[in-house]
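What follows is data-v5.cif (mmCIF, C-alpha atoms and all ligand atoms).
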```
data_protein
#
loop_
_atom_site.label_atom_id
_atom_site.label_comp_id
_atom_site.auth_asym_id
_atom_site.auth_seq_id
_atom_site.Cartn_x
_atom_site.Cartn_y
_atom_site.Cartn_z
CA MET A 1 0.72 -23.11 12.81
CA ASN A 2 0.48 -20.86 9.80
CA GLU A 3 4.04 -19.66 9.95
CA LEU A 4 7.21 -21.33 8.90
CA ASN A 5 10.34 -20.10 10.66
CA GLY A 6 8.68 -16.76 11.43
CA ILE A 7 7.83 -16.07 7.80
CA PRO A 8 4.24 -14.85 7.40
CA ARG A 9 2.02 -16.65 4.89
CA MET A 10 0.78 -13.36 3.50
CA ILE A 11 1.35 -9.63 3.97
CA ASP A 12 -1.44 -7.07 3.76
CA THR A 13 0.74 -4.44 2.09
CA HIS A 14 -1.62 -1.52 2.60
CA CYS A 15 -4.32 -0.71 5.15
CA HIS A 16 -5.15 1.80 7.87
CA LEU A 17 -5.06 0.11 11.27
CA GLU A 18 -4.65 3.46 13.04
CA ASN A 19 -8.04 4.54 11.70
CA VAL A 20 -10.67 5.28 14.37
CA ALA A 21 -12.74 2.49 12.83
CA PHE A 22 -10.41 0.11 14.71
CA ASP A 23 -10.18 1.95 18.02
CA LEU A 24 -12.51 -0.44 19.84
CA ASP A 25 -11.16 -3.79 18.63
CA ARG A 26 -7.73 -3.20 17.08
CA ASP A 27 -6.10 -5.88 19.19
CA SER A 28 -8.45 -8.65 18.04
CA ILE A 29 -8.26 -7.45 14.41
CA ILE A 30 -4.45 -7.84 14.49
CA ILE A 31 -4.66 -11.21 16.29
CA ASP A 32 -7.29 -12.54 13.82
CA ALA A 33 -4.93 -11.72 10.95
CA LYS A 34 -1.91 -13.11 12.78
CA ASN A 35 -3.78 -16.39 13.37
CA LEU A 36 -4.13 -16.70 9.59
CA GLY A 37 -0.41 -16.00 9.16
CA ILE A 38 -1.04 -12.46 7.91
CA SER A 39 1.35 -9.62 8.68
CA ILE A 40 0.28 -6.04 8.06
CA ILE A 41 1.72 -2.79 6.74
CA THR A 42 -0.34 0.07 8.10
CA SER A 43 -0.25 3.40 6.28
CA SER A 44 -0.93 6.59 8.18
CA ILE A 45 -1.99 9.60 6.15
CA ASP A 46 -2.57 12.45 8.58
CA LYS A 47 -0.60 14.22 11.28
CA GLU A 48 -2.97 13.02 13.99
CA THR A 49 -1.97 9.37 13.42
CA TRP A 50 1.72 9.32 12.41
CA ASP A 51 2.89 8.46 15.92
CA LYS A 52 -0.15 6.31 16.61
CA SER A 53 0.65 3.96 13.71
CA CYS A 54 4.30 3.65 14.79
CA LYS A 55 3.20 2.78 18.32
CA ILE A 56 0.88 0.07 16.98
CA ALA A 57 3.73 -1.36 14.90
CA GLU A 58 6.05 -1.23 17.87
CA ALA A 59 3.52 -3.13 20.01
CA TYR A 60 2.88 -5.99 17.53
CA PRO A 61 5.67 -7.90 15.75
CA SER A 62 3.29 -8.68 12.85
CA VAL A 63 2.60 -4.99 12.13
CA PHE A 64 4.85 -2.55 10.23
CA ALA A 65 4.38 1.19 9.80
CA SER A 66 4.38 3.46 6.78
CA VAL A 67 3.85 7.20 7.13
CA GLY A 68 2.72 9.62 4.47
CA LEU A 69 0.20 12.28 3.66
CA ASP A 70 -3.26 12.20 2.16
CA PRO A 71 -2.73 14.02 -1.18
CA THR A 72 -5.53 16.43 -0.28
CA HIS A 73 -3.59 17.51 2.85
CA PHE A 74 -0.71 19.04 0.90
CA VAL A 75 -0.71 22.06 3.26
CA ASP A 76 0.94 19.74 5.82
CA CYS A 77 3.82 18.90 3.50
CA ASP A 78 6.57 20.62 5.52
CA LEU A 79 5.22 19.00 8.65
CA VAL A 80 5.37 15.47 7.26
CA ILE A 81 8.86 16.06 5.87
CA ARG A 82 10.12 17.16 9.28
CA TRP A 83 8.41 14.18 10.91
CA LEU A 84 9.99 11.78 8.39
CA GLU A 85 13.44 13.31 8.80
CA SER A 86 13.44 12.40 12.48
CA ASN A 87 11.39 9.18 12.40
CA HIS A 88 12.14 7.32 9.14
CA GLU A 89 14.01 4.57 10.95
CA ARG A 90 10.72 3.46 12.53
CA LEU A 91 9.19 2.82 9.08
CA VAL A 92 9.21 0.21 6.33
CA ALA A 93 7.84 2.67 3.76
CA ILE A 94 6.75 6.24 3.04
CA GLY A 95 3.11 6.78 2.10
CA GLU A 96 0.53 6.63 1.15
CA THR A 97 0.78 9.87 -0.75
CA GLY A 98 0.38 10.90 -4.36
CA LEU A 99 -2.13 12.73 -6.51
CA ASP A 100 -5.87 13.11 -6.16
CA HIS A 101 -7.32 14.91 -9.17
CA TYR A 102 -10.83 13.83 -8.29
CA LEU A 103 -11.03 15.85 -5.09
CA ILE A 104 -8.53 18.56 -6.06
CA ARG A 105 -9.71 20.38 -9.20
CA ASP A 106 -7.99 23.74 -8.90
CA HIS A 107 -4.81 23.88 -10.99
CA GLN A 108 -2.74 25.82 -8.50
CA GLU A 109 -3.69 23.38 -5.78
CA ARG A 110 -2.81 20.48 -8.07
CA ASP A 111 0.64 22.03 -8.53
CA LEU A 112 1.13 22.22 -4.76
CA GLN A 113 0.00 18.62 -4.42
CA GLU A 114 2.47 17.52 -7.09
CA ALA A 115 5.31 19.48 -5.49
CA CYS A 116 4.66 17.70 -2.19
CA PHE A 117 4.52 14.32 -3.93
CA ARG A 118 7.90 15.03 -5.54
CA LYS A 119 9.45 15.90 -2.16
CA LEU A 120 8.22 12.67 -0.60
CA ILE A 121 9.52 10.65 -3.56
CA SER A 122 12.92 12.20 -3.11
CA LEU A 123 12.88 11.31 0.60
CA SER A 124 11.94 7.73 -0.26
CA ASN A 125 14.92 7.59 -2.63
CA GLU A 126 17.20 9.09 -0.01
CA TYR A 127 16.13 6.67 2.76
CA GLN A 128 15.79 3.72 0.36
CA LEU A 129 12.20 3.15 1.54
CA PRO A 130 9.42 2.11 -0.83
CA ILE A 131 6.86 4.80 -1.57
CA GLN A 132 3.18 3.81 -1.37
CA VAL A 133 1.31 5.77 -3.99
CA HIS A 134 -2.32 6.83 -4.08
CA SER A 135 -3.62 8.08 -7.41
CA ARG A 136 -7.21 9.01 -8.03
CA SER A 137 -8.18 10.12 -11.52
CA ALA A 138 -4.46 10.81 -11.94
CA GLY A 139 -2.89 7.42 -12.70
CA GLY A 140 -0.97 8.49 -15.79
CA LYS A 141 0.23 11.70 -14.17
CA ALA A 142 1.37 9.87 -11.01
CA LEU A 143 3.44 7.45 -13.10
CA GLU A 144 4.92 10.36 -15.05
CA VAL A 145 5.97 12.13 -11.83
CA LEU A 146 7.45 8.94 -10.34
CA GLU A 147 9.49 8.31 -13.46
CA SER A 148 10.72 11.90 -13.69
CA CYS A 149 11.84 11.70 -10.03
CA ASP A 150 13.70 8.41 -10.66
CA ALA A 151 11.66 6.76 -7.93
CA SER A 152 13.44 3.53 -7.13
CA LYS A 153 11.00 1.51 -4.98
CA VAL A 154 7.43 2.10 -6.06
CA HIS A 155 4.20 0.57 -4.78
CA LEU A 156 1.00 1.78 -6.45
CA HIS A 157 -1.98 0.88 -4.30
CA ALA A 158 -5.51 0.37 -5.66
CA PHE A 159 -4.40 1.88 -8.98
CA ASP A 160 -7.39 3.31 -10.84
CA GLY A 161 -5.55 4.24 -14.04
CA LYS A 162 -5.56 2.38 -17.33
CA ALA A 163 -4.49 -1.27 -17.27
CA SER A 164 -2.15 -0.58 -20.20
CA LEU A 165 -0.24 1.94 -18.07
CA ALA A 166 0.16 -0.63 -15.29
CA ARG A 167 1.35 -3.18 -17.83
CA THR A 168 4.16 -0.90 -18.99
CA ALA A 169 5.07 0.46 -15.54
CA SER A 170 5.32 -3.01 -13.99
CA ARG A 171 7.40 -4.38 -16.85
CA ASP A 172 9.61 -1.48 -17.94
CA LEU A 173 9.98 0.44 -14.68
CA GLY A 174 9.65 -2.41 -12.18
CA TYR A 175 6.84 -0.71 -10.25
CA TYR A 176 4.74 -2.88 -7.92
CA PHE A 177 0.92 -2.81 -7.88
CA SER A 178 -1.26 -4.06 -5.02
CA ILE A 179 -4.63 -5.60 -5.74
CA PRO A 180 -7.24 -4.80 -3.08
CA THR A 181 -9.96 -7.08 -1.71
CA SER A 182 -12.53 -5.12 -3.72
CA VAL A 183 -11.20 -6.99 -6.78
CA VAL A 184 -14.09 -9.41 -6.29
CA ARG A 185 -16.56 -6.67 -7.31
CA SER A 186 -14.44 -4.36 -9.50
CA PRO A 187 -14.03 -5.13 -13.22
CA GLN A 188 -11.32 -2.42 -13.36
CA LYS A 189 -9.24 -4.20 -10.69
CA GLN A 190 -9.81 -7.55 -12.41
CA LYS A 191 -8.33 -6.06 -15.57
CA LEU A 192 -5.42 -4.72 -13.53
CA VAL A 193 -4.59 -8.24 -12.26
CA LYS A 194 -4.12 -9.45 -15.83
CA ALA A 195 -2.08 -6.42 -16.85
CA VAL A 196 0.51 -6.28 -14.05
CA HIS A 197 3.62 -8.39 -14.46
CA ILE A 198 3.19 -11.30 -12.02
CA GLU A 199 6.54 -10.55 -10.38
CA ARG A 200 5.24 -7.10 -9.48
CA LEU A 201 1.90 -8.15 -7.96
CA LEU A 202 1.13 -7.43 -4.29
CA LEU A 203 -2.08 -7.79 -2.26
CA GLU A 204 -3.77 -5.32 0.07
CA THR A 205 -7.05 -4.78 1.90
CA ASP A 206 -6.98 -0.98 2.35
CA SER A 207 -8.98 -1.68 5.53
CA PRO A 208 -11.29 -0.27 6.74
CA VAL A 209 -12.35 0.49 3.13
CA LEU A 210 -12.44 -1.48 -0.17
CA SER A 211 -14.15 -4.44 1.47
CA PRO A 212 -15.14 -7.42 -0.68
CA ASP A 213 -18.67 -6.62 0.44
CA LYS A 214 -19.16 -2.88 -0.01
CA GLN A 215 -21.39 -2.44 3.05
CA THR A 216 -19.04 -3.82 5.68
CA ARG A 217 -15.86 -2.66 7.39
CA ASN A 218 -12.84 -4.29 5.77
CA VAL A 219 -10.23 -6.11 7.88
CA PRO A 220 -6.76 -7.55 7.11
CA ALA A 221 -8.10 -11.09 7.75
CA ASN A 222 -9.99 -10.68 4.44
CA LEU A 223 -6.72 -10.71 2.49
CA PRO A 224 -7.13 -14.39 1.39
CA ILE A 225 -10.29 -13.30 -0.49
CA ALA A 226 -8.10 -11.13 -2.74
CA LEU A 227 -5.63 -13.98 -3.17
CA LYS A 228 -8.39 -16.41 -4.18
CA GLU A 229 -9.79 -14.00 -6.76
CA VAL A 230 -6.37 -13.14 -8.20
CA ALA A 231 -5.46 -16.83 -8.53
CA SER A 232 -8.75 -17.52 -10.29
CA ILE A 233 -8.27 -14.61 -12.72
CA LEU A 234 -4.74 -15.80 -13.50
CA ARG A 235 -5.90 -19.44 -13.70
CA ARG A 236 -3.17 -20.51 -11.34
CA GLU A 237 -3.08 -22.45 -8.08
CA GLU A 238 -3.76 -20.28 -5.04
CA GLU A 239 -0.70 -21.60 -3.23
CA GLU A 240 1.55 -20.79 -6.18
CA VAL A 241 0.22 -17.22 -6.37
CA ARG A 242 0.54 -16.84 -2.59
CA GLU A 243 4.23 -17.80 -2.77
CA ILE A 244 4.95 -15.48 -5.70
CA VAL A 245 3.19 -12.52 -4.08
CA LEU A 246 4.93 -13.09 -0.75
CA GLU A 247 8.31 -13.23 -2.48
CA ASN A 248 7.49 -10.00 -4.37
CA THR A 249 6.45 -8.32 -1.12
CA LEU A 250 9.59 -9.29 0.76
CA LYS A 251 11.74 -8.17 -2.15
CA LEU A 252 10.21 -4.68 -2.15
CA TYR A 253 9.83 -4.42 1.63
CA SER A 254 13.35 -5.48 2.45
CA LYS A 255 13.12 -3.99 5.97
CA ILE A 256 10.51 -6.57 6.98
CA LYS A 257 12.40 -9.15 8.93
CA THR A 258 11.09 -12.69 8.60
CA ASN A 259 12.49 -14.22 11.75
ZN ZN B 301 -5.30 3.53 1.70
#
```

Re-express the file's structure as structure tokens.
Ligand SMILES: [Zn+2]
Amino acid sequence: MNELNGIPRMIDTHCHLENVAFDLDRDSIIIDAKNLGISIITSSIDKETWDKSCKIAEAYPSVFASVGLDPTHFVDCDLVIRWLESNHERLVAIGETGLDHYLIRDHQERDLQEACFRKLISLSNEYQLPIQVHSRSAGGKALEVLESCDASKVHLHAFDGKASLARTASRDLGYYFSIPTSVVRSPQKQKLVKAVHIERLLLETDSPVLSPDKQTRNVPANLPIALKEVASILRREEEEVREIVLENTLKLYSKIKTN
């Protein structure tokens, strides 16, 4: 048994189980993770999958749903807000959402993207749900927006901004940062591990992407690979890091019931 009194050993804090990449074998993917004591937060980012991810979470006690909007889909902002207003009780978080300055170059479009991000932050404050944040080539700006909105429960996933920004945000603002499985092949993520305050570290797979091995589909059962790498970077025992990260996760995700 990998579980003690219903408490998971680990939580994959960010992935995309509702993705079509899992349509043929989702059940066994969830069971494989569960057999390793891994619970999963799945983050839906488009209108086609908001209900789908909730239904998956409702079917498996080890899966929890988060609903947000891909930052490039800002035209659907009103739609996601309406969906969240009537469905937020089904969720443990809002997101992922945020800023993508890599794909969105036009300044007017960036303004619309930011306006949508701000609205979702204010909903996360109102419902007291953590917000899962995506930032691509916009790490500093995303942190600036979060701070100016007084975001209270912040989870930055696969943060690609400067390590020094993560150092300050995790220490001074209490923001959490999840390290993805791709840490084994990303010097930027390895730097991030050292920068983030250990009490603000989380782990994620971002399945089906960010696999430890770039060519293959990522799965939540790969989460221990991230743990192993993080422990080695921090020169700590794996079990000690596992316990700290789990405690961090349950502190932020207070809606996840452990028995
Ligand atoms: Zn993601």

| query | Skipping near chain neighbours, those fewer than 3 positions away, what residues fall within 12 Å of Gly95 in chain A using all atoms listed in the file, listed as a ChimeraX atom specification? | reply | /A:13-16,41-46,50,65-71,80-81,84,88,91-92,98-99,116-117,119-121,123-124,129-135,153-157

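Going from CA of Ile31 in chain A to CA of Glu237 in chain A covers 26.9 Å.
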
| Out of A:Lys228, A:Arg236, A:Arg200, A:Arg171, which residue has the shortest atom-to-atom distance to Lys251 in chain A when counting all atoms listed in the file? | A:Arg200

Find the residues near Gln113 in chain A: any atom within 10 Å, counting all atoms listed in the file, skip ones fewer than 3 places away on the same chain, and give them as an mmCIF file with C-alpha atoms, keeping the file's coordinate frame.
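What follows is the written file result30.cif:
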```cif
data_model
loop_
_atom_site.group_PDB
_atom_site.id
_atom_site.type_symbol
_atom_site.label_atom_id
_atom_site.label_comp_id
_atom_site.auth_asym_id
_atom_site.auth_seq_id
_atom_site.Cartn_x
_atom_site.Cartn_y
_atom_site.Cartn_z
ATOM 1 C CA ASP A 70 -3.260 12.200 2.160
ATOM 2 C CA PRO A 71 -2.730 14.020 -1.180
ATOM 3 C CA THR A 72 -5.530 16.430 -0.280
ATOM 4 C CA HIS A 73 -3.590 17.510 2.850
ATOM 5 C CA PHE A 74 -0.710 19.040 0.900
ATOM 6 C CA VAL A 75 -0.710 22.060 3.260
ATOM 7 C CA CYS A 77 3.820 18.900 3.500
ATOM 8 C CA THR A 97 0.780 9.870 -0.750
ATOM 9 C CA GLY A 98 0.380 10.900 -4.360
ATOM 10 C CA LEU A 99 -2.130 12.730 -6.510
ATOM 11 C CA ASP A 100 -5.870 13.110 -6.160
ATOM 12 C CA HIS A 101 -7.320 14.910 -9.170
ATOM 13 C CA ILE A 104 -8.530 18.560 -6.060
ATOM 14 C CA HIS A 107 -4.810 23.880 -10.990
ATOM 15 C CA GLN A 108 -2.740 25.820 -8.500
ATOM 16 C CA GLU A 109 -3.690 23.380 -5.780
ATOM 17 C CA ARG A 110 -2.810 20.480 -8.070
ATOM 18 C CA CYS A 116 4.660 17.700 -2.190
ATOM 19 C CA PHE A 117 4.520 14.320 -3.930
ATOM 20 C CA ARG A 118 7.900 15.030 -5.540
#
```

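From CA of Arg217 in chain A back to CA of Glu18 in chain A, the distance works out to 14.0 Å.
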
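Our summary of the geometry notes that CA of Asn248 in chain A is positioned 27.8 Å from CA of Asp51 in chain A.
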
| message | Would you pick out the contacts of Ala226 in chain A at 12 Å or less, using only C-alpha atoms, so that residues sharing its chain but fewer than 5 positions from it are not included, and give the list as number ranges by chain? | response | A: 10-12, 178-186, 189-190, 193, 201-206, 210-213, 218-221, 231-233, 238, 241-242, 245

Completed range 193-218 of chain A (N, CA and C atoms) as a PDB file, in the frame of the given file:
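As a result, out32.pdb now contains:
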```pdb
ATOM      1  N   VAL A 193      -5.271  -6.991 -12.617  1.00  0.00           N
ATOM      2  CA  VAL A 193      -4.590  -8.240 -12.260  1.00  0.00           C
ATOM      3  C   VAL A 193      -3.927  -8.850 -13.493  1.00  0.00           C
ATOM      4  N   LYS A 194      -4.652  -8.841 -14.609  1.00  0.00           N
ATOM      5  CA  LYS A 194      -4.120  -9.450 -15.830  1.00  0.00           C
ATOM      6  C   LYS A 194      -2.994  -8.616 -16.438  1.00  0.00           C
ATOM      7  N   ALA A 195      -3.047  -7.306 -16.202  1.00  0.00           N
ATOM      8  CA  ALA A 195      -2.080  -6.420 -16.850  1.00  0.00           C
ATOM      9  C   ALA A 195      -0.724  -6.386 -16.143  1.00  0.00           C
ATOM     10  N   VAL A 196      -0.751  -6.446 -14.810  1.00  0.00           N
ATOM     11  CA  VAL A 196       0.510  -6.280 -14.050  1.00  0.00           C
ATOM     12  C   VAL A 196       1.379  -7.529 -14.209  1.00  0.00           C
ATOM     13  N   HIS A 197       2.659  -7.300 -14.397  1.00  0.00           N
ATOM     14  CA  HIS A 197       3.620  -8.390 -14.460  1.00  0.00           C
ATOM     15  C   HIS A 197       3.544  -9.175 -13.149  1.00  0.00           C
ATOM     16  N   ILE A 198       3.455 -10.500 -13.233  1.00  0.00           N
ATOM     17  CA  ILE A 198       3.190 -11.300 -12.020  1.00  0.00           C
ATOM     18  C   ILE A 198       4.273 -11.096 -10.948  1.00  0.00           C
ATOM     19  N   GLU A 199       5.480 -10.778 -11.370  1.00  0.00           N
ATOM     20  CA  GLU A 199       6.540 -10.550 -10.380  1.00  0.00           C
ATOM     21  C   GLU A 199       6.456  -9.186  -9.720  1.00  0.00           C
ATOM     22  N   ARG A 200       5.442  -8.422 -10.093  1.00  0.00           N
ATOM     23  CA  ARG A 200       5.240  -7.100  -9.480  1.00  0.00           C
ATOM     24  C   ARG A 200       3.882  -7.007  -8.787  1.00  0.00           C
ATOM     25  N   LEU A 201       3.215  -8.148  -8.614  1.00  0.00           N
ATOM     26  CA  LEU A 201       1.900  -8.150  -7.960  1.00  0.00           C
ATOM     27  C   LEU A 201       2.035  -8.224  -6.447  1.00  0.00           C
ATOM     28  N   LEU A 202       1.239  -7.393  -5.750  1.00  0.00           N
ATOM     29  CA  LEU A 202       1.130  -7.430  -4.290  1.00  0.00           C
ATOM     30  C   LEU A 202      -0.362  -7.515  -3.970  1.00  0.00           C
ATOM     31  N   LEU A 203      -0.678  -7.773  -2.692  1.00  0.00           N
ATOM     32  CA  LEU A 203      -2.080  -7.790  -2.260  1.00  0.00           C
ATOM     33  C   LEU A 203      -2.267  -6.814  -1.108  1.00  0.00           C
ATOM     34  N   GLU A 204      -3.457  -6.256  -1.011  1.00  0.00           N
ATOM     35  CA  GLU A 204      -3.770  -5.320   0.070  1.00  0.00           C
ATOM     36  C   GLU A 204      -5.249  -5.429   0.414  1.00  0.00           C
ATOM     37  N   THR A 205      -5.615  -4.894   1.598  1.00  0.00           N
ATOM     38  CA  THR A 205      -7.050  -4.780   1.900  1.00  0.00           C
ATOM     39  C   THR A 205      -7.517  -3.328   1.874  1.00  0.00           C
ATOM     40  N   ASP A 206      -6.597  -2.380   2.180  1.00  0.00           N
ATOM     41  CA  ASP A 206      -6.980  -0.980   2.350  1.00  0.00           C
ATOM     42  C   ASP A 206      -8.039  -0.824   3.459  1.00  0.00           C
ATOM     43  N   SER A 207      -8.052  -1.756   4.396  1.00  0.00           N
ATOM     44  CA  SER A 207      -8.980  -1.680   5.530  1.00  0.00           C
ATOM     45  C   SER A 207      -8.848  -0.310   6.207  1.00  0.00           C
ATOM     46  N   PRO A 208      -9.937   0.299   6.633  1.00  0.00           N
ATOM     47  CA  PRO A 208     -11.290  -0.270   6.740  1.00  0.00           C
ATOM     48  C   PRO A 208     -12.127  -0.165   5.458  1.00  0.00           C
ATOM     49  N   VAL A 209     -11.543   0.343   4.355  1.00  0.00           N
ATOM     50  CA  VAL A 209     -12.350   0.490   3.130  1.00  0.00           C
ATOM     51  C   VAL A 209     -12.047  -0.631   2.126  1.00  0.00           C
ATOM     52  N   LEU A 210     -12.618  -0.521   0.934  1.00  0.00           N
ATOM     53  CA  LEU A 210     -12.440  -1.480  -0.170  1.00  0.00           C
ATOM     54  C   LEU A 210     -12.732  -2.927   0.212  1.00  0.00           C
ATOM     55  N   SER A 211     -13.748  -3.105   1.027  1.00  0.00           N
ATOM     56  CA  SER A 211     -14.150  -4.440   1.470  1.00  0.00           C
ATOM     57  C   SER A 211     -14.683  -5.258   0.290  1.00  0.00           C
ATOM     58  N   PRO A 212     -14.547  -6.586   0.370  1.00  0.00           N
ATOM     59  CA  PRO A 212     -15.140  -7.420  -0.680  1.00  0.00           C
ATOM     60  C   PRO A 212     -16.653  -7.179  -0.762  1.00  0.00           C
ATOM     61  N   ASP A 213     -17.240  -6.937   0.396  1.00  0.00           N
ATOM     62  CA  ASP A 213     -18.670  -6.620   0.440  1.00  0.00           C
ATOM     63  C   ASP A 213     -18.778  -5.146   0.828  1.00  0.00           C
ATOM     64  N   LYS A 214     -19.228  -4.335  -0.119  1.00  0.00           N
ATOM     65  CA  LYS A 214     -19.160  -2.880  -0.010  1.00  0.00           C
ATOM     66  C   LYS A 214     -19.714  -2.315   1.311  1.00  0.00           C
ATOM     67  N   GLN A 215     -20.698  -2.991   1.869  1.00  0.00           N
ATOM     68  CA  GLN A 215     -21.390  -2.440   3.050  1.00  0.00           C
ATOM     69  C   GLN A 215     -20.622  -2.607   4.353  1.00  0.00           C
ATOM     70  N   THR A 216     -19.638  -3.496   4.385  1.00  0.00           N
ATOM     71  CA  THR A 216     -19.040  -3.820   5.680  1.00  0.00           C
ATOM     72  C   THR A 216     -17.634  -3.241   5.825  1.00  0.00           C
ATOM     73  N   ARG A 217     -17.216  -3.116   7.086  1.00  0.00           N
ATOM     74  CA  ARG A 217     -15.860  -2.660   7.390  1.00  0.00           C
ATOM     75  C   ARG A 217     -14.875  -3.731   6.923  1.00  0.00           C
ATOM     76  N   ASN A 218     -13.839  -3.327   6.225  1.00  0.00           N
ATOM     77  CA  ASN A 218     -12.840  -4.290   5.770  1.00  0.00           C
ATOM     78  C   ASN A 218     -11.813  -4.539   6.870  1.00  0.00           C
TER      79      ASN A 218
END
```
